[in-house]
Each structure stands twice: as C-alpha cells, then as structure tokens.
2 protein chains.
Amino acid sequence: MINPLDMVFAALADPTRRAILSMLLEDDMAVTDVAEPFEMSLAAISKHLSILSRAGLISQERRGRVKWCKLEPDALRPASVWMQGFGQFEPVNLDAFERFLETELNTPERDSPETGSPDPAG
Amino acid sequence: MINPLDMVFAALADPTRRAILSMLLEDDMAVTDVAEPFEMSLAAISKHLSILSRAGLISQERRGRVKWCKLEPDALRPASVWMQGFGQFEPVNLDAFERFLETELNTPERDSPETGSPDPAG
DNA sequence: AGCATATTCAACCAAATGGTTGACGATTGC
DNA sequence: GCAATCGTCAACCATTTGGTTGAATATGCT
C-alpha cells in the first residue's frame with residue numbers, strides 16, 4: 001500500500017480506528033487510555049495506532065514512558081478533496097453550505113469543542 | 001461488514017475502485033467498458049463493481065445483455081460528513097470555501113463535466 | 001536495586017481481500 | 001439454430017487484516 005489515499009481510506013474503514021480518531025478529537029491521549037474503552041487487547045490497539053500513524057492521521061510523541069497520540073486532521077484533506085470531486089452531482093447541497101458556515105462561524109471562539117464532533121464508532 | 005461507513009471507506013481504499021468511480025463520473029458505462037482500461041480480468045472488475053454496488057456507490061441496471069453502471073454520489077455524503085467533523089481543527093480553510101463556491105456556481109450550467117473531476121486512480 | 005507501569009514485538013491464527021481460470025446462463029444477431 | 005457477446009459463478013491461491021497470547025524493552029517510583 002504505497003498510495004497515501006489508499007492508506008487513509010483503509011485506515012478509516014475500521015470502526016475501531018474511526019472511534020479512536022473521534023476520541024483524539026477531544027484531546028491528546030496516551031496509548032493505554034486510548035485502549036481503555038475497547039474490549040480488545042492493548043497490543044491490538046497498538047497495531048491500530050500504528051496503522052493510523054502510517055496513514056498520517058495521528059502523530060505519536062514519546063514523553064517518558066508514555067506515548068502521546070495526537071490527531072493530525074490535515075491528513076484527511078486529500079481524501080476529503082477527492083470525495084468532494086463527486087459533489088457536483090449532488091442537487092444543490094444546502095446542507096453542506098450550512099455545515100460550512102457553522103464551522104466557520106464557530107472556529108473563532110476556539111472554546112467550544114462540543115460543536116460538530118463525529119460520533120465515536122461512526 | 002455491516003456498517004455502511006465501513007463499506008464506503010473500504011470500497012474507496014482500493015485504487016482500481018476509485019479509478020472506476022472517476023470513470024463513471026463522466027458517463028454511465030457497461031461492465032465490459034469499465035474493465036477495458038485495466039490490466040486485469042473481467043471477473044476481477046465484476047467483483048470490484050459488486051463491492052462498489054454493495055457500498056451503494058454505484059447502481060447497476062441490466063438492459064438486454066448489457067449491465068449499465070451508474071455513479072451514486074450521494075452514497076459518499078455520510079463519509080464526507082464524517083470527515084468534515086475533523087475540519088474544525090484546520091486553520092481557516094479558505095481553500096474549502098473557494099472549492100465550495102466554485103462547485104455551487106458551476107452546478108446551474110449542468111453542461112461542463114470537465115470541472116473538478118478527480119484524477120482516475122487517485 | 002527491584003518492582004510496577006507503558007508499550008511494542010513475535011509468533012500464531014481465522015477470516016477477508018484481490019486476483020486467477022474455466023465453466024456457465026442469458027441475450028443478441030446472422 | 002448456432003455462434004458470439006456480456007457478465008457472473010465457483011473453485012482455487014497468495015497475501016493482508018485484525019485479533020490473540022506471552023515475552024521483551026523502556027521508563028518511573030520508592
């Protein structure tokens with residue numbers, strides 16, 4: 001899997017990984033804390049995290065014995081752009097416009113993380 | 001794979017399938033014609049098409065012995081919306097705004113399919 | 001030093017993926 | 001009727017994926 005678009009979409013195809021990304025939307029987290037809500041081994045989560053990392057969707061910084069995971073939303077952009085190439089076929093897309101305005105109007109405040117977070121596990 | 005988001009992202013993770021979607025952006029096509037530019041068997045393409053179909057990204061209508069494949073861009077929307085939930089972390093996203101306006105201003109004409117088609121094979 | 005915590009590694013496993021080939025069922029045209 | 005065309009099915013194969021377990025490697029605490 002050389003193609004970055006391949007890796008991003010493949011990373012997003014797993015509900016566990018999407019849930020992890022949603023969790024990281026709220027704050028940076030240590031690997032153990034990421035793993036806590038899931039009913040699977042820490043090693044499994046570690047693998048998921050390295051897949052997300054190789055896709056560029058998260059970065060990991062080791063501080064002491066703790067490895068912090070940080071969301072890298074910019075990595076989503078090429079995929080998002082690719083998908084938007086198909087938007088021209090949608091009727092008018094007022095929804096998208098509303099969403100867009102909402103996002104743009106909310107960002108200046110920088111203080112309300114509860115707006116627009118995707119559901120964990122999609 | 002029950003989750004529709006899983007299926008859409010998994011479908012998009014393969015470059016052959018993304019290329020097929022891009023081809024269908026220009027026009028509806030028969031299965032054989034979809035397969036023509038690829039260096040793989042017709043059966044392989046047939047499998048790819050059924051994956052795209054199960055994900056809802058295309059629809060297939062049999063007319064005579066020919067099966068026509070049609071792009072269903074609306075199926076991309078949930079995935080697109082999910083991804084846009086992460087956009088709030090991007091600086092301001094003027095790019096997205098420009099793209100959005102361009103798309104909205106171009107749609108009324110309905111006659112210029114050369115605007116904004118993603119590259120085949122991404 | 002010695003033990004607990006945090007994370008990865010290695011080996012293994014079952015199931016899914018992406019491809020092949022050859023046979024098969026429809027449909028069309030001569 | 002018969003041959004060609006369109007497309008799928010079935011069986012097979014190699015590789016990847018997503019999970020497990022147990023051992024190994026750092027690092028931190030007392």
# chains A, B, ... in the order shown; residues from 1 in each chain; ligands from 1
$ select_by_dssp --residues "range 7-81 of chain B" --states "strand (DSSP E)" --output "PDB file with all heavy atoms, in the first residue's frame"
ATOM      1  N   MET B  29     -21.559   3.491 -17.747  1.00  0.00           N
ATOM      2  CA  MET B  29     -20.793   2.577 -18.585  1.00  0.00           C
ATOM      3  C   MET B  29     -21.241   1.129 -18.391  1.00  0.00           C
ATOM      4  O   MET B  29     -21.704   0.761 -17.319  1.00  0.00           O
ATOM      5  CB  MET B  29     -19.301   2.674 -18.246  1.00  0.00           C
ATOM      6  CG  MET B  29     -18.669   4.012 -18.555  1.00  0.00           C
ATOM      7  SD  MET B  29     -16.921   4.031 -18.046  1.00  0.00           S
ATOM      8  CE  MET B  29     -16.172   3.120 -19.395  1.00  0.00           C
ATOM      9  N   ALA B  30     -21.033   0.331 -19.438  1.00  0.00           N
ATOM     10  CA  ALA B  30     -21.262  -1.104 -19.339  1.00  0.00           C
ATOM     11  C   ALA B  30     -20.064  -1.741 -18.648  1.00  0.00           C
ATOM     12  O   ALA B  30     -18.948  -1.208 -18.686  1.00  0.00           O
ATOM     13  CB  ALA B  30     -21.452  -1.705 -20.720  1.00  0.00           C
ATOM     14  N   ILE B  58     -22.390   2.797  -6.499  1.00  0.00           N
ATOM     15  CA  ILE B  58     -22.913   2.728  -7.863  1.00  0.00           C
ATOM     16  C   ILE B  58     -24.212   1.930  -7.835  1.00  0.00           C
ATOM     17  O   ILE B  58     -24.489   1.201  -6.890  1.00  0.00           O
ATOM     18  CB  ILE B  58     -21.930   2.043  -8.844  1.00  0.00           C
ATOM     19  CG1 ILE B  58     -21.763   0.559  -8.485  1.00  0.00           C
ATOM     20  CG2 ILE B  58     -20.575   2.734  -8.829  1.00  0.00           C
ATOM     21  CD1 ILE B  58     -21.029  -0.231  -9.536  1.00  0.00           C
ATOM     22  N   SER B  59     -24.991   2.103  -8.904  1.00  0.00           N
ATOM     23  CA  SER B  59     -26.143   1.234  -9.103  1.00  0.00           C
ATOM     24  C   SER B  59     -25.959   0.556 -10.453  1.00  0.00           C
ATOM     25  O   SER B  59     -25.258   1.067 -11.326  1.00  0.00           O
ATOM     26  CB  SER B  59     -27.437   2.041  -9.078  1.00  0.00           C
ATOM     27  OG  SER B  59     -27.409   3.020 -10.095  1.00  0.00           O
ATOM     28  N   GLN B  60     -26.554  -0.609 -10.599  1.00  0.00           N
ATOM     29  CA  GLN B  60     -26.396  -1.353 -11.848  1.00  0.00           C
ATOM     30  C   GLN B  60     -27.766  -1.713 -12.378  1.00  0.00           C
ATOM     31  O   GLN B  60     -28.601  -2.264 -11.661  1.00  0.00           O
ATOM     32  CB  GLN B  60     -25.560  -2.614 -11.613  1.00  0.00           C
ATOM     33  CG  GLN B  60     -24.135  -2.300 -11.199  1.00  0.00           C
ATOM     34  CD  GLN B  60     -23.309  -3.568 -10.968  1.00  0.00           C
ATOM     35  OE1 GLN B  60     -23.494  -4.272  -9.995  1.00  0.00           O
ATOM     36  NE2 GLN B  60     -22.414  -3.848 -11.900  1.00  0.00           N
ATOM     37  N   GLU B  61     -27.985  -1.425 -13.657  1.00  0.00           N
ATOM     38  CA  GLU B  61     -29.266  -1.745 -14.275  1.00  0.00           C
ATOM     39  C   GLU B  61     -29.016  -2.571 -15.525  1.00  0.00           C
ATOM     40  O   GLU B  61     -28.258  -2.174 -16.408  1.00  0.00           O
ATOM     41  CB  GLU B  61     -30.003  -0.446 -14.636  1.00  0.00           C
ATOM     42  CG  GLU B  61     -31.390  -0.687 -15.213  1.00  0.00           C
ATOM     43  CD  GLU B  61     -31.859   0.529 -16.024  1.00  0.00           C
ATOM     44  OE1 GLU B  61     -31.131   1.549 -16.043  1.00  0.00           O
ATOM     45  OE2 GLU B  61     -32.926   0.443 -16.643  1.00  0.00           O
ATOM     46  N   ARG B  62     -29.637  -3.734 -15.550  1.00  0.00           N
ATOM     47  CA  ARG B  62     -29.464  -4.637 -16.704  1.00  0.00           C
ATOM     48  C   ARG B  62     -30.424  -4.211 -17.819  1.00  0.00           C
ATOM     49  O   ARG B  62     -31.632  -4.060 -17.588  1.00  0.00           O
ATOM     50  CB  ARG B  62     -29.756  -6.072 -16.262  1.00  0.00           C
ATOM     51  CG  ARG B  62     -29.769  -7.067 -17.379  1.00  0.00           C
ATOM     52  CD  ARG B  62     -29.240  -8.404 -16.894  1.00  0.00           C
ATOM     53  NE  ARG B  62     -28.155  -8.835 -17.761  1.00  0.00           N
ATOM     54  CZ  ARG B  62     -27.071  -9.465 -17.348  1.00  0.00           C
ATOM     55  NH1 ARG B  62     -26.902  -9.723 -16.092  1.00  0.00           N
ATOM     56  NH2 ARG B  62     -26.148  -9.834 -18.220  1.00  0.00           N
ATOM     57  N   ARG B  63     -29.875  -4.002 -19.013  1.00  0.00           N
ATOM     58  CA  ARG B  63     -30.729  -3.669 -20.160  1.00  0.00           C
ATOM     59  C   ARG B  63     -30.265  -4.556 -21.293  1.00  0.00           C
ATOM     60  O   ARG B  63     -29.178  -4.341 -21.842  1.00  0.00           O
ATOM     61  CB  ARG B  63     -30.599  -2.187 -20.507  1.00  0.00           C
ATOM     62  CG  ARG B  63     -31.898  -1.584 -21.021  1.00  0.00           C
ATOM     63  CD  ARG B  63     -32.086  -0.142 -20.566  1.00  0.00           C
ATOM     64  NE  ARG B  63     -30.999   0.725 -21.018  1.00  0.00           N
ATOM     65  CZ  ARG B  63     -30.550   1.786 -20.359  1.00  0.00           C
ATOM     66  NH1 ARG B  63     -31.101   2.109 -19.211  1.00  0.00           N
ATOM     67  NH2 ARG B  63     -29.560   2.502 -20.836  1.00  0.00           N
ATOM     68  N   VAL B  66     -26.574  -6.196 -21.585  1.00  0.00           N
ATOM     69  CA  VAL B  66     -25.609  -5.226 -21.069  1.00  0.00           C
ATOM     70  C   VAL B  66     -26.058  -4.720 -19.703  1.00  0.00           C
ATOM     71  O   VAL B  66     -27.226  -4.398 -19.496  1.00  0.00           O
ATOM     72  CB  VAL B  66     -25.456  -4.043 -22.046  1.00  0.00           C
ATOM     73  CG1 VAL B  66     -24.599  -2.963 -21.425  1.00  0.00           C
ATOM     74  CG2 VAL B  66     -24.867  -4.518 -23.353  1.00  0.00           C
ATOM     75  N   LYS B  67     -25.112  -4.654 -18.761  1.00  0.00           N
ATOM     76  CA  LYS B  67     -25.410  -4.150 -17.434  1.00  0.00           C
ATOM     77  C   LYS B  67     -24.776  -2.768 -17.309  1.00  0.00           C
ATOM     78  O   LYS B  67     -23.550  -2.632 -17.365  1.00  0.00           O
ATOM     79  CB  LYS B  67     -24.821  -5.098 -16.398  1.00  0.00           C
ATOM     80  CG  LYS B  67     -25.469  -5.001 -15.042  1.00  0.00           C
ATOM     81  CD  LYS B  67     -24.990  -6.143 -14.171  1.00  0.00           C
ATOM     82  CE  LYS B  67     -25.759  -6.274 -12.884  1.00  0.00           C
ATOM     83  NZ  LYS B  67     -25.280  -7.431 -12.130  1.00  0.00           N
ATOM     84  N   TRP B  68     -25.582  -1.761 -17.125  1.00  0.00           N
ATOM     85  CA  TRP B  68     -25.077  -0.397 -17.053  1.00  0.00           C
ATOM     86  C   TRP B  68     -24.746  -0.022 -15.620  1.00  0.00           C
ATOM     87  O   TRP B  68     -25.519  -0.306 -14.710  1.00  0.00           O
ATOM     88  CB  TRP B  68     -26.099   0.574 -17.639  1.00  0.00           C
ATOM     89  CG  TRP B  68     -26.242   0.371 -19.111  1.00  0.00           C
ATOM     90  CD1 TRP B  68     -27.140  -0.434 -19.742  1.00  0.00           C
ATOM     91  CD2 TRP B  68     -25.418   0.936 -20.128  1.00  0.00           C
ATOM     92  NE1 TRP B  68     -26.932  -0.396 -21.095  1.00  0.00           N
ATOM     93  CE2 TRP B  68     -25.889   0.432 -21.361  1.00  0.00           C
ATOM     94  CE3 TRP B  68     -24.336   1.819 -20.141  1.00  0.00           C
ATOM     95  CZ2 TRP B  68     -25.306   0.786 -22.585  1.00  0.00           C
ATOM     96  CZ3 TRP B  68     -23.762   2.178 -21.347  1.00  0.00           C
ATOM     97  CH2 TRP B  68     -24.243   1.652 -22.555  1.00  0.00           C
ATOM     98  N   CYS B  69     -23.614   0.625 -15.446  1.00  0.00           N
ATOM     99  CA  CYS B  69     -23.175   1.065 -14.123  1.00  0.00           C
ATOM    100  C   CYS B  69     -23.300   2.573 -14.029  1.00  0.00           C
ATOM    101  O   CYS B  69     -22.862   3.301 -14.917  1.00  0.00           O
ATOM    102  CB  CYS B  69     -21.717   0.677 -13.890  1.00  0.00           C
ATOM    103  SG  CYS B  69     -21.421  -1.069 -14.106  1.00  0.00           S
ATOM    104  N   LYS B  70     -23.902   3.013 -12.933  1.00  0.00           N
ATOM    105  CA  LYS B  70     -24.183   4.436 -12.748  1.00  0.00           C
ATOM    106  C   LYS B  70     -23.628   4.877 -11.404  1.00  0.00           C
ATOM    107  O   LYS B  70     -23.834   4.214 -10.387  1.00  0.00           O
ATOM    108  CB  LYS B  70     -25.702   4.644 -12.781  1.00  0.00           C
ATOM    109  CG  LYS B  70     -26.166   6.091 -12.666  1.00  0.00           C
ATOM    110  CD  LYS B  70     -27.694   6.140 -12.663  1.00  0.00           C
ATOM    111  CE  LYS B  70     -28.230   7.562 -12.621  1.00  0.00           C
ATOM    112  NZ  LYS B  70     -27.565   8.423 -11.651  1.00  0.00           N
ATOM    113  N   LEU B  71     -22.931   5.982 -11.405  1.00  0.00           N
ATOM    114  CA  LEU B  71     -22.400   6.541 -10.168  1.00  0.00           C
ATOM    115  C   LEU B  71     -23.540   7.008  -9.268  1.00  0.00           C
ATOM    116  O   LEU B  71     -24.516   7.581  -9.750  1.00  0.00           O
ATOM    117  CB  LEU B  71     -21.482   7.718 -10.507  1.00  0.00           C
ATOM    118  CG  LEU B  71     -20.701   8.339  -9.357  1.00  0.00           C
ATOM    119  CD1 LEU B  71     -19.742   7.331  -8.778  1.00  0.00           C
ATOM    120  CD2 LEU B  71     -19.966   9.575  -9.845  1.00  0.00           C
TER     121      LEU B  71
END
$ interface_residues --of "chain A" --to "chain C" --cutoff "9 Å" --atoms "only C-alpha atoms (C1' of nucleotides)" --output "list of chain:residue names"
A:Val31, A:Thr32, A:Leu42, A:Ala43, A:Ser46, A:Arg65, A:Val66, A:Lys67
$ write_last_selection --atoms "C-alpha atoms" --output "short mmCIF file (atom, residue, chain, number, x, y, z; two decimals), in the first residue's frame"
data_model
loop_
_atom_site.label_atom_id
_atom_site.label_comp_id
_atom_site.auth_asym_id
_atom_site.auth_seq_id
_atom_site.Cartn_x
_atom_site.Cartn_y
_atom_site.Cartn_z
CA VAL A 31 -1.91 4.62 24.28
CA THR A 32 -3.23 2.93 27.41
CA LEU A 42 -3.62 -3.32 24.26
CA ALA A 43 -1.49 -4.91 21.55
CA SER A 46 -1.21 -0.52 19.42
CA ARG A 65 7.37 6.01 29.26
CA VAL A 66 4.13 7.39 27.91
CA LYS A 67 3.49 7.72 24.19
#
$ closest_atom_pairs --of "chain D" --to "chain A" --cutoff "7 Å" --atoms "only C-alpha atoms (C1' of nucleotides)" --output "Markdown table"
| residue | atom | partner | partner_atom | distance |
| --- | --- | --- | --- | --- |
| D:DG19 | C1' | A:Ala44 | CA | 6.7 |
| D:DA26 | C1' | A:Arg65 | CA | 6.8 |
| D:DT27 | C1' | A:Arg65 | CA | 4.8 |
$ write_last_selection --atoms "N, CA, C and O atoms (P, O5', C5', C4', C3', O3' and C1' of nucleotides)" --output "PDB file, in the first residue's frame"
ATOM      1  P    DG D  19      -9.745  -5.712  15.556  1.00  0.00           P
ATOM      2  O5'  DG D  19      -9.079  -6.760  16.570  1.00  0.00           O
ATOM      3  C5'  DG D  19      -9.826  -7.838  17.041  1.00  0.00           C
ATOM      4  C4'  DG D  19      -8.998  -9.080  17.259  1.00  0.00           C
ATOM      5  C3'  DG D  19      -8.076  -9.129  18.482  1.00  0.00           C
ATOM      6  O3'  DG D  19      -8.812  -9.304  19.678  1.00  0.00           O
ATOM      7  C1'  DG D  19      -7.185 -10.346  16.625  1.00  0.00           C
ATOM      8  P    DA D  26      15.535  -1.095  24.776  1.00  0.00           P
ATOM      9  O5'  DA D  26      15.484  -0.054  25.969  1.00  0.00           O
ATOM     10  C5'  DA D  26      14.491  -0.135  26.934  1.00  0.00           C
ATOM     11  C4'  DA D  26      13.510   1.011  26.738  1.00  0.00           C
ATOM     12  C3'  DA D  26      13.834   2.212  27.599  1.00  0.00           C
ATOM     13  O3'  DA D  26      13.312   3.391  27.040  1.00  0.00           O
ATOM     14  C1'  DA D  26      11.929   1.039  28.455  1.00  0.00           C
ATOM     15  P    DT D  27      13.993   4.790  27.624  1.00  0.00           P
ATOM     16  O5'  DT D  27      13.133   5.098  28.918  1.00  0.00           O
ATOM     17  C5'  DT D  27      11.771   5.438  28.738  1.00  0.00           C
ATOM     18  C4'  DT D  27      11.038   5.352  30.055  1.00  0.00           C
ATOM     19  C3'  DT D  27      11.624   6.253  31.157  1.00  0.00           C
ATOM     20  O3'  DT D  27      10.710   7.302  31.349  1.00  0.00           O
ATOM     21  C1'  DT D  27      10.920   4.118  31.958  1.00  0.00           C
TER      22       DT D  27
END
$ closest_residue --among "A:Leu5, A:Leu49, A:Asp28, A:Val34" --to "chain B" --atoms "only C-alpha atoms"
A:Leu5
$ closest_residue --among "B:Asn3, B:Gln84, B:Phe9, B:Arg54" --to "chain A" --atoms "only C-alpha atoms"
B:Phe9
$ decode --residues "range 16-28 of chain A" --atoms "all heavy atoms" --output "PDB file, in the first residue's frame"
ATOM      1  N   THR A  16     -13.152   0.678  14.812  1.00  0.00           N
ATOM      2  CA  THR A  16     -12.307   0.935  15.979  1.00  0.00           C
ATOM      3  C   THR A  16     -11.406   2.136  15.726  1.00  0.00           C
ATOM      4  O   THR A  16     -11.266   3.025  16.570  1.00  0.00           O
ATOM      5  CB  THR A  16     -11.439  -0.294  16.290  1.00  0.00           C
ATOM      6  OG1 THR A  16     -12.286  -1.415  16.554  1.00  0.00           O
ATOM      7  CG2 THR A  16     -10.545  -0.043  17.484  1.00  0.00           C
ATOM      8  N   ARG A  17     -10.817   2.169  14.525  1.00  0.00           N
ATOM      9  CA  ARG A  17      -9.903   3.282  14.231  1.00  0.00           C
ATOM     10  C   ARG A  17     -10.650   4.604  14.118  1.00  0.00           C
ATOM     11  O   ARG A  17     -10.162   5.640  14.578  1.00  0.00           O
ATOM     12  CB  ARG A  17      -9.114   2.970  12.954  1.00  0.00           C
ATOM     13  CG  ARG A  17      -8.076   1.881  13.182  1.00  0.00           C
ATOM     14  CD  ARG A  17      -7.085   1.788  12.038  1.00  0.00           C
ATOM     15  NE  ARG A  17      -7.656   1.293  10.805  1.00  0.00           N
ATOM     16  CZ  ARG A  17      -7.595   0.014  10.406  1.00  0.00           C
ATOM     17  NH1 ARG A  17      -6.979  -0.877  11.152  1.00  0.00           N
ATOM     18  NH2 ARG A  17      -8.130  -0.351   9.267  1.00  0.00           N
ATOM     19  N   ARG A  18     -11.853   4.576  13.540  1.00  0.00           N
ATOM     20  CA  ARG A  18     -12.627   5.818  13.486  1.00  0.00           C
ATOM     21  C   ARG A  18     -12.972   6.291  14.893  1.00  0.00           C
ATOM     22  O   ARG A  18     -12.915   7.487  15.193  1.00  0.00           O
ATOM     23  CB  ARG A  18     -13.895   5.638  12.654  1.00  0.00           C
ATOM     24  CG  ARG A  18     -13.632   5.548  11.156  1.00  0.00           C
ATOM     25  CD  ARG A  18     -14.889   5.862  10.340  1.00  0.00           C
ATOM     26  NE  ARG A  18     -16.044   5.094  10.738  1.00  0.00           N
ATOM     27  CZ  ARG A  18     -16.272   3.841  10.361  1.00  0.00           C
ATOM     28  NH1 ARG A  18     -15.424   3.214   9.578  1.00  0.00           N
ATOM     29  NH2 ARG A  18     -17.359   3.217  10.767  1.00  0.00           N
ATOM     30  N   ALA A  19     -13.317   5.340  15.767  1.00  0.00           N
ATOM     31  CA  ALA A  19     -13.629   5.707  17.147  1.00  0.00           C
ATOM     32  C   ALA A  19     -12.410   6.332  17.822  1.00  0.00           C
ATOM     33  O   ALA A  19     -12.531   7.320  18.550  1.00  0.00           O
ATOM     34  CB  ALA A  19     -14.097   4.480  17.916  1.00  0.00           C
ATOM     35  N   ILE A  20     -11.243   5.767  17.558  1.00  0.00           N
ATOM     36  CA  ILE A  20     -10.015   6.321  18.144  1.00  0.00           C
ATOM     37  C   ILE A  20      -9.820   7.763  17.676  1.00  0.00           C
ATOM     38  O   ILE A  20      -9.523   8.657  18.472  1.00  0.00           O
ATOM     39  CB  ILE A  20      -8.797   5.462  17.760  1.00  0.00           C
ATOM     40  CG1 ILE A  20      -8.861   4.105  18.477  1.00  0.00           C
ATOM     41  CG2 ILE A  20      -7.500   6.172  18.096  1.00  0.00           C
ATOM     42  CD1 ILE A  20      -7.778   3.127  18.052  1.00  0.00           C
ATOM     43  N   LEU A  21     -10.005   7.992  16.386  1.00  0.00           N
ATOM     44  CA  LEU A  21      -9.844   9.357  15.872  1.00  0.00           C
ATOM     45  C   LEU A  21     -10.825  10.300  16.555  1.00  0.00           C
ATOM     46  O   LEU A  21     -10.462  11.425  16.921  1.00  0.00           O
ATOM     47  CB  LEU A  21     -10.056   9.374  14.357  1.00  0.00           C
ATOM     48  CG  LEU A  21      -8.980   8.662  13.529  1.00  0.00           C
ATOM     49  CD1 LEU A  21      -9.317   8.727  12.046  1.00  0.00           C
ATOM     50  CD2 LEU A  21      -7.613   9.277  13.779  1.00  0.00           C
ATOM     51  N   SER A  22     -12.059   9.852  16.748  1.00  0.00           N
ATOM     52  CA  SER A  22     -13.038  10.709  17.421  1.00  0.00           C
ATOM     53  C   SER A  22     -12.625  11.025  18.845  1.00  0.00           C
ATOM     54  O   SER A  22     -12.803  12.149  19.320  1.00  0.00           O
ATOM     55  CB  SER A  22     -14.405  10.027  17.411  1.00  0.00           C
ATOM     56  OG  SER A  22     -14.902   9.949  16.094  1.00  0.00           O
ATOM     57  N   MET A  23     -12.065  10.024  19.507  1.00  0.00           N
ATOM     58  CA  MET A  23     -11.598  10.273  20.880  1.00  0.00           C
ATOM     59  C   MET A  23     -10.485  11.317  20.874  1.00  0.00           C
ATOM     60  O   MET A  23     -10.450  12.215  21.732  1.00  0.00           O
ATOM     61  CB  MET A  23     -11.079   8.967  21.491  1.00  0.00           C
ATOM     62  CG  MET A  23     -12.158   7.939  21.787  1.00  0.00           C
ATOM     63  SD  MET A  23     -11.493   6.272  22.063  1.00  0.00           S
ATOM     64  CE  MET A  23     -10.379   6.562  23.428  1.00  0.00           C
ATOM     65  N   LEU A  24      -9.593  11.199  19.908  1.00  0.00           N
ATOM     66  CA  LEU A  24      -8.455  12.129  19.860  1.00  0.00           C
ATOM     67  C   LEU A  24      -8.885  13.530  19.452  1.00  0.00           C
ATOM     68  O   LEU A  24      -8.126  14.489  19.611  1.00  0.00           O
ATOM     69  CB  LEU A  24      -7.389  11.600  18.900  1.00  0.00           C
ATOM     70  CG  LEU A  24      -6.689  10.327  19.372  1.00  0.00           C
ATOM     71  CD1 LEU A  24      -5.708   9.841  18.316  1.00  0.00           C
ATOM     72  CD2 LEU A  24      -5.975  10.581  20.707  1.00  0.00           C
ATOM     73  N   LEU A  25     -10.100  13.628  18.924  1.00  0.00           N
ATOM     74  CA  LEU A  25     -10.621  14.939  18.566  1.00  0.00           C
ATOM     75  C   LEU A  25     -10.766  15.791  19.823  1.00  0.00           C
ATOM     76  O   LEU A  25     -10.593  17.012  19.789  1.00  0.00           O
ATOM     77  CB  LEU A  25     -11.985  14.753  17.893  1.00  0.00           C
ATOM     78  CG  LEU A  25     -12.574  15.864  17.051  1.00  0.00           C
ATOM     79  CD1 LEU A  25     -11.562  16.391  16.065  1.00  0.00           C
ATOM     80  CD2 LEU A  25     -13.805  15.351  16.325  1.00  0.00           C
ATOM     81  N   GLU A  26     -11.070  15.152  20.944  1.00  0.00           N
ATOM     82  CA  GLU A  26     -11.276  15.901  22.174  1.00  0.00           C
ATOM     83  C   GLU A  26      -9.968  16.277  22.852  1.00  0.00           C
ATOM     84  O   GLU A  26      -9.854  17.348  23.418  1.00  0.00           O
ATOM     85  CB  GLU A  26     -12.148  15.093  23.131  1.00  0.00           C
ATOM     86  CG  GLU A  26     -13.368  14.518  22.416  1.00  0.00           C
ATOM     87  CD  GLU A  26     -14.527  14.268  23.350  1.00  0.00           C
ATOM     88  OE1 GLU A  26     -14.419  14.615  24.533  1.00  0.00           O
ATOM     89  OE2 GLU A  26     -15.553  13.731  22.873  1.00  0.00           O
ATOM     90  N   ASP A  27      -9.009  15.362  22.773  1.00  0.00           N
ATOM     91  CA  ASP A  27      -7.741  15.662  23.437  1.00  0.00           C
ATOM     92  C   ASP A  27      -6.682  14.633  23.039  1.00  0.00           C
ATOM     93  O   ASP A  27      -7.024  13.535  22.631  1.00  0.00           O
ATOM     94  CB  ASP A  27      -7.922  15.622  24.964  1.00  0.00           C
ATOM     95  CG  ASP A  27      -7.004  16.625  25.643  1.00  0.00           C
ATOM     96  OD1 ASP A  27      -6.065  17.089  24.979  1.00  0.00           O
ATOM     97  OD2 ASP A  27      -7.254  16.953  26.823  1.00  0.00           O
ATOM     98  N   ASP A  28      -5.423  14.996  23.201  1.00  0.00           N
ATOM     99  CA  ASP A  28      -4.347  14.032  23.025  1.00  0.00           C
ATOM    100  C   ASP A  28      -4.465  12.972  24.118  1.00  0.00           C
ATOM    101  O   ASP A  28      -4.943  13.255  25.222  1.00  0.00           O
ATOM    102  CB  ASP A  28      -2.985  14.712  23.127  1.00  0.00           C
ATOM    103  CG  ASP A  28      -2.794  15.761  22.051  1.00  0.00           C
ATOM    104  OD1 ASP A  28      -3.717  15.954  21.242  1.00  0.00           O
ATOM    105  OD2 ASP A  28      -1.717  16.381  22.014  1.00  0.00           O
TER     106      ASP A  28
END
